[in-house]
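Source file work25.json; content: JSON, C-alpha atoms.
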[["chain", "number", "residue", "atom", "x", "y", "z"],
["A", 1, "MET", "CA", 112.11, 143.84, 102.28],
["A", 2, "ASN", "CA", 112.53, 140.18, 103.19],
["A", 3, "ILE", "CA", 115.45, 138.18, 101.89],
["A", 4, "ASP", "CA", 114.45, 134.54, 101.59],
["A", 5, "GLU", "CA", 117.63, 133.24, 100.02],
["A", 6, "ILE", "CA", 120.88, 134.28, 98.38],
["A", 7, "ASP", "CA", 121.27, 133.27, 94.75],
["A", 8, "HIS", "CA", 125.06, 133.61, 94.64],
["A", 9, "VAL", "CA", 128.03, 135.56, 95.89],
["A", 10, "GLU", "CA", 130.65, 137.08, 93.62],
["A", 11, "PHE", "CA", 134.30, 137.56, 94.47],
["A", 12, "TYR", "CA", 136.54, 139.95, 92.53],
["A", 13, "VAL", "CA", 139.92, 138.24, 92.30],
["A", 14, "GLU", "CA", 143.23, 138.82, 90.60],
["A", 15, "ASP", "CA", 144.13, 135.12, 90.14],
["A", 16, "LEU", "CA", 140.99, 133.52, 88.72],
["A", 17, "GLU", "CA", 142.50, 130.10, 88.07],
["A", 18, "GLY", "CA", 144.22, 129.96, 91.47],
["A", 19, "TRP", "CA", 141.01, 130.74, 93.35],
["A", 20, "ALA", "CA", 139.03, 128.24, 91.26],
["A", 21, "THR", "CA", 141.59, 125.50, 91.78],
["A", 22, "GLU", "CA", 141.70, 126.06, 95.54],
["A", 23, "LEU", "CA", 137.91, 126.11, 95.95],
["A", 24, "CYS", "CA", 137.54, 122.97, 93.83],
["A", 25, "GLU", "CA", 140.38, 120.96, 95.38],
["A", 26, "ILE", "CA", 139.92, 121.96, 99.02],
["A", 27, "PHE", "CA", 136.18, 122.58, 99.31],
["A", 28, "GLY", "CA", 134.78, 120.33, 96.56],
["A", 29, "PHE", "CA", 133.29, 122.98, 94.26],
["A", 30, "GLU", "CA", 132.87, 122.21, 90.56],
["A", 31, "ILE", "CA", 133.12, 124.67, 87.68],
["A", 32, "GLN", "CA", 129.66, 124.82, 86.09],
["A", 33, "GLY", "CA", 130.08, 127.77, 83.72],
["A", 34, "SER", "CA", 132.43, 130.40, 82.40],
["A", 35, "GLY", "CA", 132.28, 133.70, 80.59],
["A", 36, "GLY", "CA", 134.52, 136.30, 79.09],
["A", 37, "PRO", "CA", 134.89, 138.45, 76.00],
["A", 38, "ASP", "CA", 134.09, 135.41, 73.85],
["A", 39, "THR", "CA", 130.66, 135.12, 75.51],
["A", 40, "GLY", "CA", 129.84, 138.83, 75.67],
["A", 41, "LEU", "CA", 131.36, 139.79, 79.04],
["A", 42, "VAL", "CA", 133.35, 142.96, 78.54],
["A", 43, "GLY", "CA", 136.64, 143.49, 80.35],
["A", 44, "CYS", "CA", 136.60, 140.40, 82.57],
["A", 45, "ARG", "CA", 136.54, 136.63, 82.83],
["A", 46, "SER", "CA", 134.19, 134.87, 85.24],
["A", 47, "LEU", "CA", 133.74, 131.32, 86.49],
["A", 48, "LEU", "CA", 130.66, 129.86, 88.17],
["A", 49, "LEU", "CA", 131.51, 127.34, 90.89],
["A", 50, "VAL", "CA", 128.82, 125.17, 92.46],
["A", 51, "GLN", "CA", 128.65, 122.84, 95.43],
["A", 52, "GLY", "CA", 125.15, 121.64, 96.25],
["A", 53, "GLU", "CA", 123.04, 124.79, 96.51],
["A", 54, "ILE", "CA", 126.05, 127.10, 96.98],
["A", 55, "ARG", "CA", 126.98, 129.21, 93.95],
["A", 56, "ILE", "CA", 130.10, 131.35, 93.79],
["A", 57, "VAL", "CA", 131.04, 133.56, 90.86],
["A", 58, "LEU", "CA", 134.71, 134.47, 90.56],
["A", 59, "THR", "CA", 135.47, 137.49, 88.38],
["A", 60, "ALA", "CA", 138.90, 138.71, 87.30],
["A", 61, "PRO", "CA", 139.41, 141.95, 85.37],
["A", 62, "LEU", "CA", 141.24, 141.83, 82.05],
["A", 63, "GLY", "CA", 142.33, 145.44, 82.27],
["A", 64, "SER", "CA", 141.97, 148.62, 84.26],
["A", 65, "GLY", "CA", 138.55, 149.56, 82.86],
["A", 66, "HIS", "CA", 136.49, 146.99, 84.76],
["A", 67, "PRO", "CA", 135.01, 147.67, 88.25],
["A", 68, "ALA", "CA", 136.79, 144.56, 89.54],
["A", 69, "ALA", "CA", 140.15, 146.21, 88.82],
["A", 70, "ASP", "CA", 139.22, 149.23, 90.95],
["A", 71, "TYR", "CA", 137.93, 147.01, 93.75],
["A", 72, "ILE", "CA", 141.05, 144.83, 93.81],
["A", 73, "GLY", "CA", 143.27, 147.92, 93.67],
["A", 74, "GLN", "CA", 141.57, 149.37, 96.76],
["A", 75, "HIS", "CA", 140.78, 146.26, 98.80],
["A", 76, "GLY", "CA", 142.58, 143.26, 97.31],
["A", 77, "ASP", "CA", 140.67, 140.11, 96.44],
["A", 78, "GLY", "CA", 137.31, 139.94, 98.16],
["A", 79, "LEU", "CA", 133.56, 139.60, 98.26],
["A", 80, "ALA", "CA", 132.01, 142.19, 95.96],
["A", 81, "VAL", "CA", 128.41, 141.14, 95.26],
["A", 82, "VAL", "CA", 125.77, 139.29, 97.28]]
Transcribe the structure of this file into structure tokens.
Amino acid sequence: MNIDEIDHVEFYVEDLEGWATELCEIFGFEIQGSGGPDTGLVGCRSLLLVQGEIRIVLTAPLGSGHPAADYIGQHGDGLAVV
């Protein structure tokens, strides 16, 4: 299997707004999309941040039933999906 490029990386985070603010203010990312229960995502809220060709998805659980909650409970905030 050859990997030619990475589409995005996803971080599971507890403080969605804090991470988004920091990445936008310090590193120049812009919020290009969002999702949550109102858009069909169950148990979480996500933001898509973009800078040039770099795409980062930040996902925060809304309760204990989402995989992000388990991940954060075991590891803290961190890279979950490439």
**Request:** Can you work out the spacing between atom CA of A:Val50 and atom CA of A:Val82 in Å, to one decimal?
**Result:** 15.2 Å
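Interatomic distance, atom CA of A:Phe29 against atom CA of A:Leu49: 5.8 Å.
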**Prompt:** Which of these residues is nearest to A:Ile56, using all atoms listed in the file: A:Ile3, A:Ile26, A:Leu41, A:Leu79?
**Reply:** A:Leu79
**Item:** Within 8 Å of A:Gly63 using only C-alpha atoms, minus same-chain residues under 2 positions, as a count of residues only
**Value:** 6
**Atomic distance atom CA of A:Leu62 - atom CA of A:Asp15, expressed in Å with one decimal** = 10.9 Å
